[in-house]
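entry_24.cif (mmCIF, C-alpha atoms and all ligand atoms)
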```
data_input
#
loop_
_atom_site.label_atom_id
_atom_site.label_comp_id
_atom_site.auth_asym_id
_atom_site.auth_seq_id
_atom_site.Cartn_x
_atom_site.Cartn_y
_atom_site.Cartn_z
CA MET H 1097 0.00 0.00 0.00
CA PHE H 1098 2.82 2.43 0.81
CA ASN H 1099 6.00 3.00 -1.12
CA SER H 1100 8.20 1.45 1.52
CA GLU H 1101 8.13 -2.02 3.06
CA ASN H 1102 8.53 -0.74 6.63
CA LEU H 1103 5.30 1.26 6.67
CA SER H 1104 2.00 -0.24 7.72
CA VAL H 1105 -1.28 0.47 9.50
CA ASN H 1106 -2.18 -0.73 13.02
CA GLU H 1107 -5.55 -1.46 14.69
CA GLN H 1108 -6.03 2.20 15.55
CA ASN H 1109 -5.78 2.91 11.82
CA HIS H 1110 -2.53 4.76 12.50
CA LEU H 1111 0.47 4.70 10.22
CA THR H 1112 3.38 2.72 11.65
CA ILE H 1113 7.09 2.84 10.84
CA GLY H 1114 9.03 -0.21 11.95
CA ASN H 1115 6.53 -1.18 14.62
CA HIS H 1116 6.10 2.29 15.98
CA ASP H 1117 2.85 4.21 15.91
CA THR H 1118 3.60 7.49 14.16
CA VAL H 1119 0.75 9.33 15.92
CA GLU H 1120 2.29 8.33 19.26
CA LEU H 1121 5.74 9.42 18.07
CA ALA H 1122 4.31 12.79 17.05
CA LYS H 1123 2.72 13.16 20.48
CA GLU H 1124 5.82 12.15 22.37
CA PHE H 1125 8.40 14.16 20.42
CA GLY H 1126 6.30 16.94 18.92
CA THR H 1127 6.09 17.99 15.29
CA PRO H 1128 7.57 18.58 12.84
CA LEU H 1129 9.54 15.43 13.41
CA TYR H 1130 11.88 13.39 11.27
CA VAL H 1131 11.61 9.68 11.99
CA LEU H 1132 14.37 7.39 10.76
CA ASP H 1133 13.85 3.65 10.58
CA GLU H 1134 17.35 2.59 11.49
CA ASP H 1135 16.62 -1.06 10.75
CA LEU H 1136 15.71 -0.23 7.16
CA MET H 1137 18.73 2.03 6.74
CA ARG H 1138 20.95 -0.79 7.97
CA LYS H 1139 19.20 -3.23 5.67
CA ASN H 1140 19.80 -0.92 2.71
CA CYS H 1141 23.50 -0.74 3.59
CA ARG H 1142 23.65 -4.52 3.76
CA SER H 1143 21.93 -4.99 0.40
CA TYR H 1144 24.71 -3.01 -1.27
CA LYS H 1145 27.47 -4.74 0.59
CA GLU H 1146 26.11 -8.22 -0.03
CA ALA H 1147 25.62 -7.49 -3.72
CA LEU H 1148 29.20 -6.27 -4.08
CA ASP H 1149 30.41 -9.42 -2.29
CA LYS H 1150 28.28 -11.66 -4.43
CA TYR H 1151 28.85 -10.13 -7.85
CA TYR H 1152 32.33 -8.67 -7.51
CA GLY H 1153 33.98 -10.93 -4.95
CA GLY H 1154 33.93 -8.10 -2.41
CA ASN H 1155 36.74 -6.34 -4.31
CA GLY H 1156 35.38 -2.91 -3.57
CA LEU H 1157 33.75 -0.63 -1.05
CA ILE H 1158 30.35 0.97 -0.63
CA LEU H 1159 30.51 4.54 0.60
CA PHE H 1160 27.52 6.26 2.11
CA ALA H 1161 27.21 9.71 0.53
CA SER H 1162 27.13 11.80 3.72
CA LYS H 1163 25.42 14.74 2.06
CA ALA H 1164 22.18 12.70 1.95
CA LEU H 1165 22.01 12.55 5.74
CA CYS H 1166 24.94 13.65 7.85
CA THR H 1167 24.71 13.09 11.60
CA MET H 1168 27.08 11.49 14.08
CA HIS H 1169 24.63 8.68 14.73
CA THR H 1170 24.09 7.78 11.07
CA ALA H 1171 27.86 7.89 10.59
CA LYS H 1172 28.09 5.26 13.33
CA VAL H 1173 25.34 3.19 11.72
CA THR H 1174 27.04 3.10 8.33
CA GLU H 1175 30.40 2.36 9.92
CA GLU H 1176 28.92 -0.56 11.86
CA GLU H 1177 27.49 -1.88 8.59
CA GLY H 1178 30.99 -1.89 7.10
CA LEU H 1179 30.58 1.05 4.75
CA GLY H 1180 32.99 3.85 4.03
CA ALA H 1181 31.78 7.40 3.44
CA ASP H 1182 32.17 10.28 1.10
CA VAL H 1183 32.10 13.87 2.28
CA VAL H 1184 31.96 17.14 0.39
CA SER H 1185 32.86 19.68 3.04
CA GLY H 1186 34.84 20.32 6.18
CA GLY H 1187 31.60 20.18 8.18
CA GLU H 1188 30.68 16.71 6.97
CA LEU H 1189 34.25 15.57 7.52
CA TYR H 1190 34.27 16.97 11.05
CA THR H 1191 30.96 15.22 11.86
CA LEU H 1192 32.42 11.87 10.84
CA HIS H 1193 35.62 12.55 12.71
CA LYS H 1194 33.68 13.32 15.89
CA ALA H 1195 31.76 10.06 15.44
CA ASP H 1196 35.13 8.21 15.30
CA PHE H 1197 34.56 7.18 11.71
CA PRO H 1198 37.65 5.43 10.28
CA MET H 1199 39.25 8.17 8.21
CA GLU H 1200 41.01 5.78 5.83
CA LYS H 1201 37.54 4.83 4.54
CA VAL H 1202 36.63 8.43 3.74
CA PHE H 1203 36.71 9.96 0.25
CA PHE H 1204 36.70 13.75 0.14
CA HIS H 1205 34.82 15.34 -2.78
CA GLY H 1206 33.99 18.88 -3.84
CA ASN H 1207 34.65 21.24 -6.71
CA ASN H 1208 36.09 24.01 -4.57
CA LYS H 1209 37.63 22.63 -1.41
CA THR H 1210 39.26 25.40 0.56
CA TYR H 1211 42.80 25.41 1.89
CA ASP H 1212 41.47 24.90 5.42
CA GLU H 1213 39.28 21.98 4.39
CA ILE H 1214 42.14 20.23 2.61
CA GLU H 1215 44.40 20.85 5.56
CA LEU H 1216 41.79 19.39 7.93
CA ALA H 1217 41.42 16.33 5.68
CA ILE H 1218 45.17 15.77 5.62
CA LYS H 1219 45.53 16.34 9.36
CA LEU H 1220 42.75 13.85 10.09
CA GLY H 1221 44.23 11.29 7.69
CA VAL H 1222 41.47 11.08 5.11
CA GLY H 1223 42.05 8.04 2.89
CA HIS H 1224 41.43 9.61 -0.50
CA ILE H 1225 40.90 13.10 -1.80
CA VAL H 1226 38.93 13.20 -5.04
CA VAL H 1227 40.70 16.05 -6.79
CA ASP H 1228 38.54 18.22 -9.00
CA ASN H 1229 40.97 20.51 -10.80
CA ARG H 1230 44.57 21.59 -11.24
CA TYR H 1231 44.45 24.45 -8.78
CA GLU H 1232 43.27 22.03 -6.10
CA LEU H 1233 45.87 19.46 -7.11
CA ASP H 1234 48.63 21.98 -6.42
CA LEU H 1235 47.06 22.85 -3.07
CA VAL H 1236 46.82 19.21 -2.02
CA ASN H 1237 50.43 18.62 -3.04
CA GLU H 1238 51.62 21.69 -1.15
CA ILE H 1239 49.70 20.89 2.06
CA ALA H 1240 50.65 17.20 1.92
CA LYS H 1241 54.27 18.32 1.59
CA SER H 1242 54.04 20.56 4.64
CA TYR H 1243 52.71 17.59 6.64
CA GLY H 1244 55.38 15.29 5.22
CA ILE H 1245 52.93 12.84 3.70
CA ILE H 1246 52.02 11.47 0.29
CA GLN H 1247 48.29 11.96 -0.25
CA LYS H 1248 46.35 9.33 -2.16
CA ILE H 1249 43.97 10.84 -4.67
CA LEU H 1250 41.45 10.08 -7.39
CA PHE H 1251 40.57 12.50 -10.14
CA ARG H 1252 36.98 13.42 -10.82
CA ILE H 1253 36.29 12.77 -14.48
CA LYS H 1254 33.41 14.02 -16.62
CA PRO H 1255 32.59 10.87 -18.52
CA GLY H 1256 30.39 12.67 -21.06
CA ILE H 1257 27.25 11.00 -19.76
CA ASP H 1258 24.47 13.04 -18.28
CA ALA H 1259 21.78 10.97 -16.59
CA HIS H 1260 19.78 13.22 -14.35
CA THR H 1261 16.46 11.91 -15.59
CA HIS H 1262 15.00 8.77 -17.05
CA ASP H 1263 17.02 9.29 -20.21
CA PHE H 1264 20.66 9.88 -20.52
CA ILE H 1265 22.66 11.99 -22.91
CA LYS H 1266 26.16 11.10 -23.97
CA THR H 1267 27.43 14.55 -24.85
CA GLY H 1268 27.24 18.05 -23.48
CA GLN H 1269 28.49 17.00 -20.10
CA ILE H 1270 31.62 19.09 -20.58
CA ASP H 1271 29.48 21.94 -19.27
CA SER H 1272 29.65 20.94 -15.62
CA LYS H 1273 31.38 22.58 -12.70
CA PHE H 1274 32.62 19.19 -11.50
CA GLY H 1275 35.82 17.54 -12.62
CA VAL H 1276 37.96 17.37 -15.71
CA ALA H 1277 36.80 16.48 -19.21
CA LEU H 1278 37.90 13.54 -21.31
CA GLU H 1279 37.17 14.79 -24.79
CA ASN H 1280 39.49 17.82 -24.78
CA GLY H 1281 42.47 16.01 -23.27
CA GLU H 1282 42.17 17.79 -19.92
CA ALA H 1283 41.86 14.52 -18.01
CA ILE H 1284 45.01 12.96 -19.47
CA GLN H 1285 46.97 16.18 -18.99
CA ILE H 1286 46.13 16.51 -15.33
CA HIS H 1287 47.28 12.93 -14.68
CA GLN H 1288 50.50 13.61 -16.55
CA TYR H 1289 51.10 16.72 -14.46
CA ALA H 1290 50.19 14.94 -11.19
CA LEU H 1291 52.85 12.33 -11.88
CA THR H 1292 55.45 15.10 -11.51
CA LEU H 1293 54.23 16.07 -8.03
CA PRO H 1294 56.16 14.42 -5.21
CA ASN H 1295 53.43 14.41 -2.56
CA ILE H 1296 50.65 12.98 -4.70
CA GLN H 1297 49.83 9.35 -5.36
CA ILE H 1298 47.19 8.69 -8.02
CA ASP H 1299 45.11 5.71 -6.93
CA GLY H 1300 41.98 5.98 -8.98
CA VAL H 1301 39.42 7.74 -11.09
CA HIS H 1302 35.92 8.84 -10.17
CA CYS H 1303 32.74 9.84 -11.90
CA HIS H 1304 29.18 10.55 -10.80
CA ILE H 1305 26.59 10.77 -13.53
CA GLY H 1306 23.55 12.14 -11.72
CA SER H 1307 20.85 11.27 -9.23
CA GLN H 1308 17.53 9.42 -9.02
CA ILE H 1309 18.48 7.30 -12.06
CA PHE H 1310 16.34 4.22 -12.71
CA ASP H 1311 18.07 2.67 -15.72
CA VAL H 1312 21.17 0.62 -15.29
CA GLU H 1313 22.55 1.35 -18.80
CA PRO H 1314 23.94 4.82 -18.02
CA PHE H 1315 26.01 3.29 -15.19
CA CYS H 1316 27.29 0.52 -17.46
CA GLU H 1317 28.05 3.09 -20.15
CA ALA H 1318 29.96 5.19 -17.60
CA ALA H 1319 31.89 2.10 -16.51
CA ASN H 1320 32.82 1.46 -20.13
CA VAL H 1321 34.02 5.02 -20.69
CA MET H 1322 36.03 4.98 -17.45
CA LEU H 1323 37.69 1.63 -18.18
CA ASN H 1324 38.64 2.91 -21.60
CA PHE H 1325 40.25 5.87 -19.91
CA ILE H 1326 42.03 3.63 -17.36
CA SER H 1327 43.44 1.68 -20.27
CA ASP H 1328 44.49 4.93 -22.04
CA LEU H 1329 46.29 6.07 -18.89
CA TYR H 1330 48.28 2.87 -18.88
CA ASP H 1331 49.11 3.06 -22.56
CA SER H 1332 50.10 6.71 -22.62
CA LEU H 1333 51.58 7.28 -19.14
CA SER H 1334 52.25 3.71 -17.87
CA LEU H 1335 49.99 4.66 -15.00
CA LYS H 1336 48.22 1.80 -13.25
CA ILE H 1337 44.83 2.79 -11.84
CA LYS H 1338 43.69 0.69 -8.88
CA ILE H 1339 40.33 2.22 -7.96
CA LEU H 1340 37.28 2.89 -10.08
CA ASN H 1341 34.67 4.92 -8.22
CA LEU H 1342 31.40 5.14 -10.13
CA GLY H 1343 29.60 7.49 -7.74
CA GLY H 1344 26.00 7.22 -6.59
CA GLY H 1345 22.65 8.10 -8.12
CA PHE H 1346 20.52 4.96 -7.88
CA GLY H 1347 16.82 5.87 -7.91
CA ILE H 1348 14.22 5.28 -5.20
CA LYS H 1349 10.45 5.15 -5.05
CA TYR H 1350 9.00 8.53 -4.08
CA SER H 1351 5.62 7.90 -5.67
CA SER H 1352 3.76 5.14 -7.47
CA GLU H 1353 5.20 6.37 -10.78
CA ASP H 1354 8.73 5.49 -9.71
CA ASP H 1355 9.94 2.01 -10.47
CA PRO H 1356 13.52 1.46 -9.29
CA LEU H 1357 15.34 -1.84 -9.63
CA PRO H 1358 16.45 -3.67 -6.50
CA VAL H 1359 19.90 -2.51 -5.38
CA SER H 1360 21.33 -5.97 -6.03
CA VAL H 1361 20.36 -5.75 -9.70
CA TYR H 1362 22.16 -2.41 -10.20
CA ILE H 1363 25.29 -3.75 -8.59
CA GLU H 1364 25.12 -7.05 -10.42
CA LYS H 1365 24.76 -5.44 -13.86
CA VAL H 1366 27.43 -2.81 -13.30
CA ALA H 1367 29.86 -5.31 -11.75
CA GLU H 1368 29.33 -7.62 -14.68
CA ALA H 1369 29.89 -4.79 -17.15
CA VAL H 1370 33.09 -3.76 -15.35
CA LYS H 1371 34.43 -7.34 -15.41
CA ALA H 1372 33.57 -7.77 -19.09
CA PHE H 1373 35.16 -4.44 -20.15
CA ALA H 1374 38.26 -5.11 -18.06
CA LEU H 1375 38.68 -8.50 -19.72
CA GLU H 1376 38.17 -6.96 -23.15
CA LYS H 1377 40.81 -4.33 -22.47
CA GLY H 1378 43.20 -6.77 -20.83
CA ILE H 1379 43.32 -4.93 -17.52
CA LYS H 1380 42.82 -6.19 -13.99
CA PRO H 1381 39.29 -5.50 -12.69
CA PRO H 1382 39.73 -2.42 -10.50
CA PHE H 1383 38.74 -2.04 -6.84
CA LEU H 1384 35.16 -0.89 -7.35
CA VAL H 1385 33.58 1.89 -5.30
CA PHE H 1386 29.97 3.09 -5.24
CA GLU H 1387 28.60 6.08 -3.36
CA PRO H 1388 24.86 5.66 -2.80
CA GLY H 1389 23.19 8.29 -0.63
CA ARG H 1390 19.50 8.55 -1.44
CA SER H 1391 18.99 4.82 -1.95
CA ILE H 1392 20.32 4.10 1.55
CA ALA H 1393 18.61 6.82 3.56
CA ALA H 1394 15.54 8.13 1.73
CA SER H 1395 13.11 5.22 2.15
CA ALA H 1396 14.11 4.87 5.81
CA GLY H 1397 12.81 8.31 6.74
CA ILE H 1398 9.46 10.06 7.06
CA THR H 1399 8.48 13.50 8.30
CA LEU H 1400 5.53 14.02 10.63
CA TYR H 1401 3.67 17.32 10.71
CA THR H 1402 0.58 18.62 12.45
CA VAL H 1403 -2.05 20.10 10.18
CA GLY H 1404 -3.06 23.66 10.96
CA CYS H 1405 -5.15 25.78 8.68
CA VAL H 1406 -7.04 24.11 5.82
CA LYS H 1407 -7.94 26.71 3.21
CA GLU H 1408 -10.41 25.67 0.55
CA ILE H 1409 -10.41 28.16 -2.28
CA GLU H 1410 -13.41 27.31 -4.35
CA ASN H 1411 -12.65 26.38 -7.95
CA VAL H 1412 -8.97 26.95 -7.30
CA ARG H 1413 -7.48 24.51 -4.83
CA THR H 1414 -7.24 23.44 -1.20
CA TYR H 1415 -4.21 24.44 0.80
CA VAL H 1416 -3.45 22.25 3.78
CA SER H 1417 -0.83 24.00 5.89
CA VAL H 1418 1.57 22.11 8.12
CA ASP H 1419 3.85 23.23 10.93
CA GLY H 1420 7.01 22.86 8.83
CA GLY H 1421 7.73 23.33 5.13
CA MET H 1422 10.68 24.41 3.02
CA SER H 1423 12.72 24.91 6.18
CA ASP H 1424 12.77 21.12 6.75
CA ASN H 1425 12.12 19.97 3.16
CA PRO H 1426 13.17 22.37 0.40
CA ARG H 1427 13.12 19.75 -2.36
CA TYR H 1428 9.79 20.65 -3.93
CA ILE H 1429 10.62 24.32 -4.09
CA LEU H 1430 14.12 23.53 -5.40
CA TYR H 1431 13.27 21.09 -8.14
CA GLY H 1432 9.67 20.01 -7.97
CA ALA H 1433 10.51 16.76 -6.19
CA LYS H 1434 7.68 14.24 -5.91
CA TYR H 1435 6.46 12.94 -2.56
CA SER H 1436 3.59 10.87 -1.23
CA ALA H 1437 1.77 11.71 1.98
CA VAL H 1438 -0.48 9.87 4.41
CA VAL H 1439 -2.91 11.08 7.07
CA ALA H 1440 -1.13 9.22 9.84
CA ASN H 1441 -4.13 9.12 12.19
CA ASN H 1442 -6.44 7.80 9.45
CA ALA H 1443 -3.92 5.84 7.47
CA SER H 1444 -6.12 3.50 5.47
CA ALA H 1445 -8.54 6.20 4.30
CA GLU H 1446 -9.06 6.37 0.55
CA PRO H 1447 -8.03 9.48 -1.35
CA ILE H 1448 -10.99 11.67 -2.26
CA ALA H 1449 -9.67 14.98 -3.55
CA PRO H 1450 -6.50 16.78 -4.54
CA ILE H 1451 -4.84 18.98 -1.94
CA THR H 1452 -1.75 21.13 -1.84
CA ILE H 1453 0.46 20.72 1.20
CA ALA H 1454 1.88 24.10 2.16
CA GLY H 1455 4.51 25.04 4.69
CA LYS H 1456 4.49 27.91 7.17
CA CYS H 1457 7.28 29.95 5.63
CA CYS H 1458 6.76 33.39 4.21
CA GLU H 1459 7.15 32.32 0.60
CA SER H 1460 4.33 31.40 -1.82
CA GLY H 1461 6.49 28.64 -3.27
CA ASP H 1462 6.81 27.04 0.16
CA LEU H 1463 4.97 23.85 -0.75
CA ILE H 1464 5.69 20.21 -0.03
CA GLN H 1465 3.49 18.89 -2.83
CA GLU H 1466 0.83 20.29 -5.13
CA ASN H 1467 -2.53 18.76 -5.99
CA ILE H 1468 -1.98 15.26 -4.70
CA MET H 1469 -4.94 12.99 -4.09
CA MET H 1470 -5.56 12.61 -0.37
CA PRO H 1471 -8.35 11.58 2.01
CA GLU H 1472 -10.06 14.33 3.96
CA VAL H 1473 -7.49 16.28 5.98
CA LYS H 1474 -8.55 18.20 9.09
CA VAL H 1475 -7.03 20.60 11.58
CA GLY H 1476 -5.01 18.64 14.14
CA ASP H 1477 -4.35 15.63 11.90
CA THR H 1478 -0.88 14.18 11.80
CA LEU H 1479 0.42 14.25 8.26
CA ALA H 1480 3.27 11.95 7.24
CA VAL H 1481 5.38 12.77 4.20
CA LEU H 1482 7.17 9.63 3.05
CA ALA H 1483 10.70 8.88 1.87
CA THR H 1484 12.23 11.98 3.42
CA GLY H 1485 15.27 10.23 4.90
CA ALA H 1486 17.67 11.73 2.36
CA TYR H 1487 18.22 15.39 1.45
CA ASN H 1488 15.71 16.70 3.98
CA TYR H 1489 17.45 17.10 7.33
CA SER H 1490 20.70 17.66 5.44
CA MET H 1491 19.12 20.46 3.40
CA ALA H 1492 17.11 22.01 6.23
CA SER H 1493 17.56 25.66 7.10
CA ASN H 1494 16.51 28.18 9.69
CA TYR H 1495 14.61 30.31 7.19
CA ASN H 1496 12.13 32.51 9.07
CA ARG H 1497 14.16 31.52 12.12
CA ILE H 1498 12.27 28.26 12.32
CA PRO H 1499 14.12 25.78 14.51
CA ARG H 1500 15.12 22.59 12.70
CA PRO H 1501 13.15 19.47 13.74
CA PRO H 1502 14.74 16.64 15.68
CA ILE H 1503 15.42 13.18 14.28
CA VAL H 1504 14.14 10.17 16.18
CA ALA H 1505 15.63 6.85 15.13
CA VAL H 1506 13.60 3.70 15.69
CA ARG H 1507 15.29 0.32 15.86
CA GLY H 1508 13.26 -2.75 16.83
CA ASP H 1509 11.26 -1.61 19.85
CA GLU H 1510 13.76 1.10 20.72
CA LYS H 1511 13.49 4.76 19.87
CA LYS H 1512 16.16 7.35 20.33
CA VAL H 1513 16.56 11.05 19.63
CA ILE H 1514 19.70 11.23 17.48
CA VAL H 1515 19.44 14.94 16.72
CA LYS H 1516 17.76 17.26 19.21
CA ARG H 1517 15.12 19.78 18.25
CA GLU H 1518 16.64 23.22 17.89
CA SER H 1519 15.49 25.79 20.41
CA TYR H 1520 15.08 29.54 20.00
CA GLU H 1521 18.28 29.82 22.03
CA ASP H 1522 20.05 27.76 19.35
CA ILE H 1523 18.69 30.14 16.75
CA ILE H 1524 20.28 33.21 18.32
CA ARG H 1525 23.42 31.41 19.52
CA ASN H 1526 25.77 33.18 17.16
CA ASP H 1527 24.07 36.56 17.13
CA ILE H 1528 25.95 39.53 18.52
CA ILE H 1529 24.05 42.73 19.26
C1 LIG T 1 25.30 13.36 -4.70
C2 LIG T 1 26.45 12.47 -4.89
C3 LIG T 1 26.38 11.12 -4.50
C4 LIG T 1 25.12 10.50 -3.97
O1 LIG T 1 24.06 10.54 -4.87
P1 LIG T 1 22.69 9.78 -4.55
O2 LIG T 1 21.81 10.17 -5.67
O3 LIG T 1 22.21 10.28 -3.24
O4 LIG T 1 22.99 8.32 -4.50
C5 LIG T 1 27.53 10.37 -4.64
N1 LIG T 1 28.68 10.89 -5.12
C6 LIG T 1 28.78 12.17 -5.50
C7 LIG T 1 30.05 12.69 -5.99
C8 LIG T 1 27.67 13.01 -5.41
O5 LIG T 1 27.77 14.28 -5.80
#
```

Output the structure of this file as structure tokens.
Ligand SMILES: *Cc1c(COP(=O)(O)O)cnc(C)c1O
Amino acid sequence: MFNSENLSVNEQNHLTIGNHDTVELAKEFGTPLYVLDEDLMRKNCRSYKEALDKYYGGNGLILFASKALCTMHTAKVTEEEGLGADVVSGGELYTLHKADFPMEKVFFHGNNKTYDEIELAIKLGVGHIVVDNRYELDLVNEIAKSYGIIQKILFRIKPGIDAHTHDFIKTGQIDSKFGVALENGEAIQIHQYALTLPNIQIDGVHCHIGSQIFDVEPFCEAANVMLNFISDLYDSLSLKIKILNLGGGFGIKYSSEDDPLPVSVYIEKVAEAVKAFALEKGIKPPFLVFEPGRSIAASAGITLYTVGCVKEIENVRTYVSVDGGMSDNPRYILYGAKYSAVVANNASAEPIAPITIAGKCCESGDLIQENIMMPEVKVGDTLAVLATGAYNYSMASNYNRIPRPPIVAVRGDEKKVIVKRESYEDIIRNDII
């Protein structure tokens, strides 16, 4: 009935997550509230890991893309499940460090890492820096030198595949702020230059072709392009590449229109493609890295709101306003992201009419979803928005000085606040009159 296996309805006709009554959770912790089903998040981690073991002999590593959901607790969860992590900022890196995440399993991304961020990464002993450009390469070399170390790196490559939607395009990707391009020789040149730098060790190549991708072909195509490049690097520079990192981007089910493949199928097909291309090119199958974010965290999370004003504008539409909005979920306003919602206290009710779920921010665009079919929604109802585990808390803001909601993690019968609700005191913490 719902888009995630962990959601159900109990005898009170309340929505449950894991085995927890969401109406009770809303009462106990207040709304808006992020609820994370830790069991499902762990299960998602395991599906990736087991697939990589099964279809690639475990010769690789799954990284959780921290940007999807970065907290000390979730860092611990992913570590316990045997995953590494990727980070894209000093803040994400620091969070993992404070959670005692093993730094050798961290890959540091970003198209404009600052001097301070690179220095922090090197000081903390980050395993790999994914270098974006030549300016950054020089910085990494210089800072590594001052710390007397040789930094292991990968280069971020633009593989010429753009797969942000259901389709993918094979050209035009040169226009991206991330990485170095293949077709104009930039990628080869930067490797050649890096070989002259004493404090740099090139371990691998990386690409990331987009997000919420359902087809497996763009990933296989990217693997093909990257293995070609690995083979070119050997032929032209005698450089042996050990790691192939194919990024993240596997799609998830936000609404009934979405039809993602099981994680194991993505990994199986891509692993098989990598093995076949490696054989064809006569190179050793590389250590294979994936960086799923959304597909690990999104389905494990929901957001609970309390319904306030319901505004029926005759012949126009019905606005149902909730006690959160773009401050805890900016994805609709950013890119029209799809979501499904449930009246948590009347969870099996049939949809009867379209409603628009609006937030409380001072912005007309502050909507969670427009014109979705829902049962009757009344003042005081608990509204659950589904699949908000990724890119919600991590994208939340204090717009309108709205405190960010807490995250409660449920695991078996246990529940635990893993991020506290912000207070008004937190909001003014850094203000100076
Ligand atoms: C965003 C991103 C990911 C994760 O993408 P998902 O769609 O959440 O799986 C992984 N790697 C890089 C470099 C990214 O930018």

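With all atoms listed in the file as the atoms that count, the residue of H:Gly1186, H:Gly1300, H:Pro1198, H:Gly1256 with the shortest distance to Glu1317 of chain H is H:Gly1256.
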
Selection as a PyMOL selection string: residues within 10 Å of ligand LIG 1 (chain T) by all atoms listed in the file
chain H and resi 1159-1165+1181-1184+1203-1207+1226+1252+1260+1274+1302-1309+1341-1348+1386-1394+1486-1487

Taking every listed atom of segment 1426-1435 of chain H and adding 8 Å to each side, what centre and edge lengths in Å (one decimal) does the axis-aligned box have, as lines of an AutoDock Vina configuration file?
```
center_x = 10.3
center_y = 18.6
center_z = -3.9
size_x = 23.7
size_y = 27.4
size_z = 24.5
```

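Between Asn1425 of chain H and the candidates H:Ser1327, H:Thr1484, H:Ala1437, H:Leu1384, the tightest atom-to-atom separation, counting only C-alpha atoms, involves H:Thr1484.
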
What's the 8 Å shell around Tyr1243 of chain H, counting only C-alpha atoms, without same-chain residues fewer than 4 positions away, as a ChimeraX atom specification?
/H:1218-1219,1239

Could those residues be written to a file, using C-alpha atoms, as a compact mmCIF listing (two decimals), in the coordinates of the input?
```txt
# COMPACT_ATOMS: atom_id res chain seq x y z
CA ILE H 1218 45.17 15.77 5.62
CA LYS H 1219 45.53 16.34 9.36
CA ILE H 1239 49.70 20.89 2.06
```

Distance query Leu1340 of chain H at most 12 Å, all atoms listed in the file, self and fewer than 2 positions along chain excluded, as a count of residues only
45

With distances taken over only C-alpha atoms, which of H:Asn1467, H:Pro1447, H:Ile1284, H:Pro1358 is nearest to Leu1335 of chain H?
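Closest residue, counting only C-alpha atoms: H:Ile1284.
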